[in-house]
Structures are given as C-alpha cells and as structure tokens.
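What follows is a set of notes on a single structure, which appears directly below.
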Amino acid sequence: PVTFVDVFDPAPDIKMCGCSIQSFSFEHNIRDNGFDTWSMFILNASLVLTLEDDIDVSSEKVRIKFDDVIQQDSMEVDAGPYSFIVQSAFLQTDGKLKVSLRAKSGDFWFRKSELTVNAEAIPEPTTVAMLGLGLLGLGIASRRKKK
C-alpha cells in the first residue's frame with residue numbers, strides 16, 4: 001500500500017462566522033502527490049479538519065460537505081481535530097475532494113485540513129493473466145494426483 005497526504009493550510013487562518021466569512025470551500029487533490037486514478041485503487045481515506053472555537057459564549061456550529069454531499073449538517077465546534085471517513089467514490093474518479101464549510105451559528109477558526117489516502121497498485125493485466133494460468137495449472141495438477 002501507498003499513502004498519499006494532502007494538506008490545505010490557509011495562511012492566515014480563516015475566521016468563520018455570519019458576520020464576515022460565512023462559507024469557505026477548497027479542494028484536496030491527491031494527484032498532485034502522485035496518485036494515478038487508472039493504476040491505483042483506494043483502500044481507505046480520512047479527512048482531519050482542525051477547527052477552533054474562539055472562546056465566546058455563543059454556540060458555534062458548522063455544516064460540512066464533501067463534493068456537495070452533506071457529511072455533518074450542524075456540528076458543534078469546540079477545539080481540535082475532527083476526523084471523517086471519506087468514501088473512495090469521492091476520490092477514485094479524479095483524485096479530488098471538494099470540501100465546503102459553512103458557519104451555521106457563532107464564530108470559529110478554520111486552521112487546517114489534512115486528507116490521508118491509502119491506495120494500492122492495480123495489477124497489470126499480464127500479472128493477472130499469469131496468476132490465473134498458475135492457478136489453472138495447480139488445479140490441473142491436483143486433479144491428476146487424485147486419479
């Protein structure tokens with residue numbers, strides 16, 4: 001297996017709230033790190049968002065979408081990393097994952113996003129054919145021994 005890590009780290013960090021930046025979108029692209037959609041198969045993927053409450057007394061809530069599919073409609077924001085399992089269907093076709101954050105209430109900081117993808121190479125057709133022939137040969141050999 002091969003691991004691909006793509007980090008989105010805005011500089012400066014982004015303060016999200018209803019008063020200024022209410023929503024923010026960005027994209028992870030593991031093809032920039034060498035992932036090839038034709039020769040690799042994604043085993044699993046995870047996304048870690050680092051969000052931080054600005055310590056006021058209001059309720060901070062965020063909506064999170066991956067490729068326009070809602071993952072969390074109204075998640076409470078405290079502080080630290082928030083982990084999500086990412087379905088391979090979001091990444092396998094083009095190696096990209098669009099992430100959208102929307103402040104539902106209160107205000108908080110968006111610090112960083114880190115996508116980690118574990119993949120493995122898809123065997124070449126000749127390798128698969130050789131494996132098939134080997135298994136066929138073993139099957140024939142075992143039948144001959146039984147007789």
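Ligands are numbered from 1 in the order shown, chains are lettered A, B, ... in the order of the structure tokens, and residues start at 1 in each chain.
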
*Just asking: which residues within chain A are strand (DSSP E) according to DSSP, as an MDAnalysis selection string?*
chainID A and resid 2:8 14:17 23:29 40:53 61:66 69:76 79:85 96:105 107:121

*asked:* So that I can check the secondary structure, give me every residue of chain A assigned helix (DSSP H, G or I) by backbone DSSP, as a VMD selection string.
replied: chain A and resid 30 to 33 89 to 92 125 to 146

*With a distance cut-off of 9 Å and only C-alpha atoms, select the neighbouring residues of Ala103 in chain A, excluding the residue or stretch itself and same-chain residues fewer than 2 positions from it, and output the selection as a ChimeraX atom specification.*
/A:16-18,21-24,60-63,74,101,105-108

For the residues selected in the previous step, produce a file with N, CA, C and O atoms as a JSON list (two decimals), in the first residue's frame.
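Contents of selection-v7.json, freshly written:
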```
[["chain", "number", "residue", "atom", "x", "y", "z"],
["A", 16, "MET", "N", -14.49, 32.08, 10.63],
["A", 16, "MET", "CA", -15.79, 31.87, 10.00],
["A", 16, "MET", "C", -16.89, 32.30, 10.95],
["A", 16, "MET", "O", -16.87, 31.96, 12.13],
["A", 17, "CYS", "N", -17.83, 33.05, 10.41],
["A", 17, "CYS", "CA", -18.98, 33.50, 11.20],
["A", 17, "CYS", "C", -20.02, 34.11, 10.25],
["A", 17, "CYS", "O", -19.75, 34.27, 9.06],
["A", 18, "GLY", "N", -21.17, 34.43, 10.78],
["A", 18, "GLY", "CA", -22.21, 35.07, 9.98],
["A", 18, "GLY", "C", -21.87, 36.50, 9.64],
["A", 18, "GLY", "O", -22.46, 37.10, 8.75],
["A", 21, "ILE", "N", -16.88, 35.89, 6.90],
["A", 21, "ILE", "CA", -16.83, 34.72, 6.02],
["A", 21, "ILE", "C", -17.76, 33.66, 6.58],
["A", 21, "ILE", "O", -17.47, 33.02, 7.59],
["A", 22, "GLN", "N", -18.91, 33.49, 5.92],
["A", 22, "GLN", "CA", -19.90, 32.53, 6.39],
["A", 22, "GLN", "C", -19.64, 31.14, 5.80],
["A", 22, "GLN", "O", -19.90, 30.14, 6.44],
["A", 23, "SER", "N", -19.10, 31.08, 4.58],
["A", 23, "SER", "CA", -18.79, 29.78, 3.99],
["A", 23, "SER", "C", -17.45, 29.84, 3.28],
["A", 23, "SER", "O", -17.01, 30.91, 2.84],
["A", 24, "PHE", "N", -16.81, 28.67, 3.20],
["A", 24, "PHE", "CA", -15.49, 28.59, 2.60],
["A", 24, "PHE", "C", -15.35, 27.21, 1.96],
["A", 24, "PHE", "O", -15.70, 26.21, 2.56],
["A", 60, "GLU", "N", -21.21, 27.56, 18.55],
["A", 60, "GLU", "CA", -20.57, 27.52, 17.24],
["A", 60, "GLU", "C", -20.94, 26.22, 16.54],
["A", 60, "GLU", "O", -20.68, 25.14, 17.06],
["A", 61, "LYS", "N", -21.54, 26.34, 15.37],
["A", 61, "LYS", "CA", -21.91, 25.15, 14.61],
["A", 61, "LYS", "C", -21.50, 25.31, 13.16],
["A", 61, "LYS", "O", -21.54, 26.41, 12.60],
["A", 62, "VAL", "N", -21.11, 24.19, 12.56],
["A", 62, "VAL", "CA", -20.63, 24.21, 11.18],
["A", 62, "VAL", "C", -21.33, 23.11, 10.39],
["A", 62, "VAL", "O", -21.67, 22.06, 10.93],
["A", 63, "ARG", "N", -21.57, 23.38, 9.10],
["A", 63, "ARG", "CA", -22.04, 22.35, 8.17],
["A", 63, "ARG", "C", -20.86, 21.99, 7.28],
["A", 63, "ARG", "O", -20.16, 22.87, 6.77],
["A", 74, "SER", "N", -24.98, 20.09, 11.15],
["A", 74, "SER", "CA", -24.87, 21.10, 12.19],
["A", 74, "SER", "C", -23.99, 20.57, 13.31],
["A", 74, "SER", "O", -24.48, 20.15, 14.36],
["A", 101, "LEU", "N", -17.19, 24.32, 3.98],
["A", 101, "LEU", "CA", -17.55, 24.60, 5.37],
["A", 101, "LEU", "C", -18.48, 25.79, 5.38],
["A", 101, "LEU", "O", -18.28, 26.76, 4.65],
["A", 105, "SER", "N", -23.82, 28.87, 13.01],
["A", 105, "SER", "CA", -24.04, 29.82, 14.11],
["A", 105, "SER", "C", -22.70, 30.10, 14.80],
["A", 105, "SER", "O", -21.77, 29.31, 14.71],
["A", 106, "GLY", "N", -22.63, 31.23, 15.48],
["A", 106, "GLY", "CA", -21.42, 31.60, 16.21],
["A", 106, "GLY", "C", -20.26, 31.90, 15.28],
["A", 106, "GLY", "O", -20.43, 32.15, 14.09],
["A", 107, "ASP", "N", -19.05, 31.89, 15.85],
["A", 107, "ASP", "CA", -17.86, 32.12, 15.06],
["A", 107, "ASP", "C", -16.74, 31.21, 15.56],
["A", 107, "ASP", "O", -16.65, 30.88, 16.73],
["A", 108, "PHE", "N", -15.89, 30.80, 14.62],
["A", 108, "PHE", "CA", -14.81, 29.86, 14.93],
["A", 108, "PHE", "C", -13.73, 30.01, 13.88],
["A", 108, "PHE", "O", -13.92, 30.65, 12.84]]
```

*Nearby residues (only C-alpha atoms) at most 9 Å from range 85-94 of chain A, same-chain spacing under 6 positions excluded, as a ChimeraX atom specification*: /A:29-31,36-38,40-48,66-67,115,117

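Taking CA of Asp6 in chain A as the reference point, CA of Val99 in chain A is found at 12.7 Å.
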